[in-house]
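Below is one structure, written out as structure tokens; the observations come after it.
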Amino acid sequence: MTAAEQHPGPAMPPADGVRPTDGMRPADGMRPGGPTPGGPAPGGPAPGGPAPGGLTPGGPTPGGPTSGGPVPGGGRPPRRWLKALVVFLLIAIPAGYLVISAIQSRNGGEDKAEAASAKGLSAGYPTRVQRRIYDVPVPPHSKKVAFYETNSWKVSSLYVQFVTDRDGLDAFLAKIGTRRSALEEGEVTITGEQAKKVGWQVGAAGHDWAGMVLKQKDPQPKLRITVKFDSPAHPKVYVVSTVTP
């Protein structure tokens, strides 16, 4: 017996995954002829490895766009047109207001000035009751008709203006019991205080004025009538009718 046989060395460990048994059997977790559980299928890629064709799982599809890029034929529309529209509106709207203001200023004149200062006047015909009480039969189809009424315990007045034609003026004067010949040339019968109350500019120089005062017995109203004949075919009539209770 040799020294090696007398003092045997430590036993050698079995190979990885193989235990010395009576017969050779697969290592733990292995089955004959099959892959390790959780391992790759026969002929398939290793876990975490690239998919067939060189694509990594979770990556872009073959021939598709990269993540976050525009989708062909769809996706978010461009925003340039919206910015252009906003800029256009910011420029066009103020410009439009300036044009309208310029047109209104250019079309101004005496009638516009009167309308601006005559804050008490209301556009339109007086009511039938007002026309009957104050004896102011405004002719039909008149233009620029406006009126204003004041009332107090001492006196009530109706201010009326309108533009008519020759026949309308004659019809108006006939209904209140007078005629055109009663109008005195160059006469302005509406007082400055009355005119100021409604913003009328009667009596201004450079115009063709005529007027009259129609006095009637109480309780009939007293009418101060002033006509502007700058356009003889379309005279403008101003009337202040006063009733004393």
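Letters A, B, ... go to the chains of the structure tokens in the order shown; residues in each chain start at 1; ligands are counted from 1 in the same order.
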Excluding Asp230 of chain A and any residue of its chain fewer than 4 positions from it, enumerate the residues within 10 Å of it, using only C-alpha atoms, and give them as an mmCIF file with N, CA and C atoms, in the first residue's frame.
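out_30.cif written:
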data_model
loop_
_atom_site.group_PDB
_atom_site.id
_atom_site.type_symbol
_atom_site.label_atom_id
_atom_site.label_comp_id
_atom_site.auth_asym_id
_atom_site.auth_seq_id
_atom_site.Cartn_x
_atom_site.Cartn_y
_atom_site.Cartn_z
ATOM 1 N N GLY A 206 -75.924 132.428 -42.174
ATOM 2 C CA GLY A 206 -75.653 131.711 -43.412
ATOM 3 C C GLY A 206 -76.744 130.741 -43.821
ATOM 4 N N HIS A 207 -77.908 130.779 -43.143
ATOM 5 C CA HIS A 207 -79.019 129.903 -43.481
ATOM 6 C C HIS A 207 -80.265 130.732 -43.783
ATOM 7 N N ASP A 208 -81.169 130.096 -44.507
ATOM 8 C CA ASP A 208 -82.404 130.764 -44.921
ATOM 9 C C ASP A 208 -83.516 130.403 -43.928
ATOM 10 N N TRP A 209 -83.805 131.327 -43.002
ATOM 11 C CA TRP A 209 -84.777 131.078 -41.949
ATOM 12 C C TRP A 209 -86.084 131.827 -42.204
ATOM 13 N N HIS A 234 -87.101 120.601 -49.585
ATOM 14 C CA HIS A 234 -87.135 119.777 -48.369
ATOM 15 C C HIS A 234 -86.858 120.656 -47.151
ATOM 16 N N PRO A 235 -87.805 121.488 -46.758
ATOM 17 C CA PRO A 235 -87.607 122.362 -45.600
ATOM 18 C C PRO A 235 -87.538 121.568 -44.299
ATOM 19 N N LYS A 236 -86.750 122.104 -43.367
ATOM 20 C CA LYS A 236 -86.657 121.486 -42.042
ATOM 21 C C LYS A 236 -87.424 122.357 -41.057
#
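Of the residues under consideration (A:Glu149, A:Asp135, A:Asp167, A:Glu187), A:Glu187 shows the shortest atom-to-atom contact distance to Val213 of chain A when counting only C-alpha atoms.
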Enumerate the residues of segment 145-212 of chain A with a DSSP assignment of alpha helix (DSSP H), computed from the backbone, and present them as an MDAnalysis selection string. chainID A and resid 166:175 192:198
One residue among A:Val198, A:Ala205, A:Leu169, A:Val188 is nearest to Ala146 of chain A when using only C-alpha atoms, and that residue is A:Val198
Within 12 Å of Pro139 of chain A, counting only C-alpha atoms, which residues qualify if same-chain residues fewer than 2 places away don't, as a PyMOL selection string? chain A and resi 125-126+131+136-137+141-145+160-176+236-237
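Coordinates place atom CA of Thr244 of chain A at a distance of 6.5 Å from atom CA of Ser156 of chain A.
For the pair atom CA of Val243 of chain A and atom CA of Gly186 of chain A, the interatomic distance is 26.1 Å.
Among the candidates A:Ser241, A:Met212, A:Val87, A:Val138, the residue lying nearest to Arg179 of chain A is A:Met212 (atoms considered: only C-alpha atoms).
Our summary of the geometry notes that atom CA of Val239 of chain A is positioned 18.1 Å from atom CA of Pro219 of chain A.
Distance annotation: of A:Lys228, A:Arg132, A:Lys222, A:Lys196, the residue with the minimal separation from Ala210 of chain A is A:Lys228; atom set is only C-alpha atoms.
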Name all residues at most 8 Å from Gly211 of chain A (count only C-alpha atoms; drop same-chain ones fewer than 3 positions away) and give them as a ChimeraX atom specification. /A:183-189,224-227
With N, CA, C and O atoms retained, could you export that selection as a PDB file, in the first residue's frame?
ATOM      1  N   LEU A 183     -95.453 132.789 -42.575  1.00  0.00           N
ATOM      2  CA  LEU A 183     -94.051 132.686 -42.157  1.00  0.00           C
ATOM      3  C   LEU A 183     -93.293 133.953 -42.557  1.00  0.00           C
ATOM      4  O   LEU A 183     -93.303 134.350 -43.729  1.00  0.00           O
ATOM      5  N   GLU A 184     -92.657 134.579 -41.595  1.00  0.00           N
ATOM      6  CA  GLU A 184     -91.911 135.816 -41.855  1.00  0.00           C
ATOM      7  C   GLU A 184     -90.463 135.470 -42.202  1.00  0.00           C
ATOM      8  O   GLU A 184     -89.776 134.775 -41.468  1.00  0.00           O
ATOM      9  N   GLU A 185     -90.037 135.996 -43.341  1.00  0.00           N
ATOM     10  CA  GLU A 185     -88.685 135.718 -43.813  1.00  0.00           C
ATOM     11  C   GLU A 185     -87.647 136.282 -42.856  1.00  0.00           C
ATOM     12  O   GLU A 185     -87.771 137.405 -42.368  1.00  0.00           O
ATOM     13  N   GLY A 186     -86.614 135.455 -42.581  1.00  0.00           N
ATOM     14  CA  GLY A 186     -85.529 135.892 -41.694  1.00  0.00           C
ATOM     15  C   GLY A 186     -85.890 135.858 -40.217  1.00  0.00           C
ATOM     16  O   GLY A 186     -85.044 136.209 -39.384  1.00  0.00           O
ATOM     17  N   GLU A 187     -87.086 135.419 -39.867  1.00  0.00           N
ATOM     18  CA  GLU A 187     -87.540 135.424 -38.472  1.00  0.00           C
ATOM     19  C   GLU A 187     -87.242 134.058 -37.825  1.00  0.00           C
ATOM     20  O   GLU A 187     -87.556 133.003 -38.382  1.00  0.00           O
ATOM     21  N   VAL A 188     -86.678 134.130 -36.624  1.00  0.00           N
ATOM     22  CA  VAL A 188     -86.425 132.929 -35.815  1.00  0.00           C
ATOM     23  C   VAL A 188     -87.228 133.099 -34.536  1.00  0.00           C
ATOM     24  O   VAL A 188     -86.906 133.920 -33.689  1.00  0.00           O
ATOM     25  N   THR A 189     -88.298 132.346 -34.411  1.00  0.00           N
ATOM     26  CA  THR A 189     -89.235 132.542 -33.297  1.00  0.00           C
ATOM     27  C   THR A 189     -88.944 131.660 -32.086  1.00  0.00           C
ATOM     28  O   THR A 189     -89.480 131.890 -31.007  1.00  0.00           O
ATOM     29  N   ARG A 224     -94.514 127.948 -31.465  1.00  0.00           N
ATOM     30  CA  ARG A 224     -93.422 128.716 -32.074  1.00  0.00           C
ATOM     31  C   ARG A 224     -92.845 127.851 -33.195  1.00  0.00           C
ATOM     32  O   ARG A 224     -92.342 126.747 -32.933  1.00  0.00           O
ATOM     33  N   ILE A 225     -92.925 128.334 -34.423  1.00  0.00           N
ATOM     34  CA  ILE A 225     -92.507 127.547 -35.592  1.00  0.00           C
ATOM     35  C   ILE A 225     -91.387 128.281 -36.315  1.00  0.00           C
ATOM     36  O   ILE A 225     -91.526 129.473 -36.646  1.00  0.00           O
ATOM     37  N   THR A 226     -90.286 127.575 -36.539  1.00  0.00           N
ATOM     38  CA  THR A 226     -89.165 128.126 -37.310  1.00  0.00           C
ATOM     39  C   THR A 226     -88.801 127.106 -38.379  1.00  0.00           C
ATOM     40  O   THR A 226     -88.656 125.904 -38.093  1.00  0.00           O
ATOM     41  N   VAL A 227     -88.665 127.606 -39.626  1.00  0.00           N
ATOM     42  CA  VAL A 227     -88.387 126.709 -40.759  1.00  0.00           C
ATOM     43  C   VAL A 227     -87.075 127.123 -41.413  1.00  0.00           C
ATOM     44  O   VAL A 227     -86.808 128.316 -41.623  1.00  0.00           O
TER      45      VAL A 227
END
Contacts of Pro245 of chain A at 10 Å or less, counting only C-alpha atoms, minus same-chain residues fewer than 2 places along, as an MDAnalysis selection string? chainID A and resid 152:156 218:221 242:243
